[in-house]
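Coordinates as given in input.cif (mmCIF, C-alpha atoms):
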```cif
data_entry
loop_
_atom_site.group_PDB
_atom_site.id
_atom_site.type_symbol
_atom_site.label_atom_id
_atom_site.label_comp_id
_atom_site.auth_asym_id
_atom_site.auth_seq_id
_atom_site.Cartn_x
_atom_site.Cartn_y
_atom_site.Cartn_z
ATOM 1 C CA MET A 1 49.261 18.268 39.998
ATOM 2 C CA PRO A 2 50.042 14.834 41.513
ATOM 3 C CA LYS A 3 50.219 14.606 45.263
ATOM 4 C CA SER A 4 53.491 13.531 46.851
ATOM 5 C CA ASN A 5 54.072 11.316 49.818
ATOM 6 C CA SER A 6 56.800 11.861 52.386
ATOM 7 C CA ASP A 7 59.658 10.679 50.174
ATOM 8 C CA GLY A 8 58.576 12.861 47.267
ATOM 9 C CA THR A 9 57.291 10.216 44.868
ATOM 10 C CA ALA A 10 54.045 10.911 43.052
ATOM 11 C CA LEU A 11 50.964 9.206 44.429
ATOM 12 C CA ALA A 12 48.847 7.445 41.821
ATOM 13 C CA THR A 13 45.479 8.889 40.864
ATOM 14 C CA ARG A 14 42.439 6.919 39.684
ATOM 15 C CA ASN A 15 43.427 7.786 36.127
ATOM 16 C CA ASP A 16 46.970 6.502 36.696
ATOM 17 C CA ILE A 17 45.618 3.229 38.051
ATOM 18 C CA LYS A 18 43.226 2.811 35.112
ATOM 19 C CA ALA A 19 45.978 3.641 32.627
ATOM 20 C CA VAL A 20 48.312 0.992 34.048
ATOM 21 C CA LEU A 21 45.943 -1.741 35.258
ATOM 22 C CA GLY A 22 43.020 -1.203 32.882
ATOM 23 C CA ASP A 23 39.397 -1.332 33.910
ATOM 24 C CA ILE A 24 39.021 -2.806 37.367
ATOM 25 C CA ASP A 25 35.860 -2.949 39.421
ATOM 26 C CA SER A 26 35.013 -0.148 41.809
ATOM 27 C CA ALA A 27 35.661 -2.221 44.958
ATOM 28 C CA GLU A 28 39.177 -3.069 43.770
ATOM 29 C CA MET A 29 39.788 0.565 42.800
ATOM 30 C CA LEU A 30 38.678 1.750 46.236
ATOM 31 C CA ALA A 31 40.848 -0.832 48.004
ATOM 32 C CA ILE A 32 43.885 0.132 45.916
ATOM 33 C CA MET A 33 43.309 3.870 46.404
ATOM 34 C CA SER A 34 43.101 3.313 50.181
ATOM 35 C CA LEU A 35 46.710 2.039 50.068
ATOM 36 C CA ARG A 36 47.862 5.446 48.754
ATOM 37 C CA PRO A 37 50.097 3.786 46.132
ATOM 38 C CA THR A 38 52.731 5.564 44.119
ATOM 39 C CA ILE A 39 52.818 5.281 40.351
ATOM 40 C CA ALA A 40 55.868 3.025 40.784
ATOM 41 C CA ASP A 41 53.830 0.697 43.060
ATOM 42 C CA ILE A 42 51.122 0.391 40.402
ATOM 43 C CA GLU A 43 53.680 -0.246 37.652
ATOM 44 C CA GLN A 44 55.524 -2.839 39.744
ATOM 45 C CA ALA A 45 52.276 -4.706 40.456
ATOM 46 C CA SER A 46 51.351 -4.579 36.772
ATOM 47 C CA VAL A 47 54.692 -6.054 35.670
ATOM 48 C CA TRP A 48 54.355 -8.870 38.206
ATOM 49 C CA LEU A 49 50.766 -9.579 37.123
ATOM 50 C CA GLU A 50 51.936 -9.769 33.509
ATOM 51 C CA GLY A 51 54.233 -12.589 34.615
ATOM 52 C CA ASP A 52 57.677 -11.180 33.829
ATOM 53 C CA PRO A 53 59.909 -12.519 36.632
ATOM 54 C CA ASP A 54 63.079 -11.350 34.858
ATOM 55 C CA VAL A 55 62.250 -7.771 35.836
ATOM 56 C CA PHE A 56 62.562 -8.545 39.555
ATOM 57 C CA GLY A 57 64.884 -11.527 39.340
ATOM 58 C CA ALA A 58 63.839 -15.142 39.519
ATOM 59 C CA GLY A 59 62.296 -16.002 42.851
ATOM 60 C CA GLU A 60 62.348 -12.427 44.176
ATOM 61 C CA PRO A 61 59.005 -11.628 45.812
ATOM 62 C CA VAL A 62 57.237 -8.342 45.284
ATOM 63 C CA GLN A 63 56.992 -6.440 48.556
ATOM 64 C CA GLY A 64 55.257 -3.459 50.096
ATOM 65 C CA VAL A 65 52.281 -1.715 48.561
ATOM 66 C CA ALA A 66 52.787 -3.450 45.207
ATOM 67 C CA SER A 67 52.287 -6.841 46.877
ATOM 68 C CA GLU A 68 49.091 -5.561 48.516
ATOM 69 C CA ILE A 69 47.810 -4.397 45.114
ATOM 70 C CA ILE A 70 48.551 -7.847 43.663
ATOM 71 C CA ALA A 71 46.683 -9.465 46.564
ATOM 72 C CA ILE A 72 43.648 -7.266 45.904
ATOM 73 C CA LEU A 73 43.624 -8.019 42.183
ATOM 74 C CA THR A 74 44.181 -11.770 42.564
ATOM 75 C CA GLU A 75 41.943 -12.308 45.583
ATOM 76 C CA ASN A 76 39.163 -13.993 43.589
ATOM 77 C CA GLU A 77 41.291 -15.828 41.018
ATOM 78 C CA ASP A 78 41.008 -19.158 42.807
ATOM 79 C CA GLU A 79 37.238 -19.021 42.537
ATOM 80 C CA GLU A 80 36.582 -20.456 39.088
ATOM 81 C CA PRO A 81 33.018 -20.809 37.880
ATOM 82 C CA PRO A 82 31.740 -24.391 37.688
ATOM 83 C CA ARG A 83 32.340 -26.040 34.321
ATOM 84 C CA ALA A 84 29.477 -27.490 32.301
ATOM 85 C CA ARG A 85 29.846 -31.219 31.700
#
```
Using the file provided, produce a representation of the structure as structure tokens.
Amino acid sequence: MPKSNSDGTALATRNDIKAVLGDIDSAEMLAIMSLRPTIADIEQASVWLEGDPDVFGAGEPVQGVASEIIAILTENEDEEPPRAR
């Protein structure tokens, strides 16, 4: 049975996170789990990562736990491997 936080929404389990975000490394999983995200937080982050701004409205930033999840998952994106010349 899913756990609930104070407002009654279901907290995401490891399986929920894997089902929505796919395979992520164990450090990212641990960091996300430490946020105690709801399933809605995970889904919101996933939609944003898929690049569908129409869902939230153009220019509307993602906030709260979902934004923290996005930060965790995009933390190393700027670090591209060197290209062979």
On this structure, which residues satisfy the PyMOL selection byres ((chain A and resi 28) around 12), written as a PyMOL selection string?
chain A and resi 14+17-18+21-27+29-35+68-76
CA of Trp48 in chain A to CA of Pro61 in chain A measures 9.3 Å
Which residues, named as in the file, does the PyMOL selection byres ((chain A and resi 39) around 12) pick out? Answer as a PyMOL selection string.
chain A and resi 2-5+8-21+32-33+35-38+40-46+65-66+69
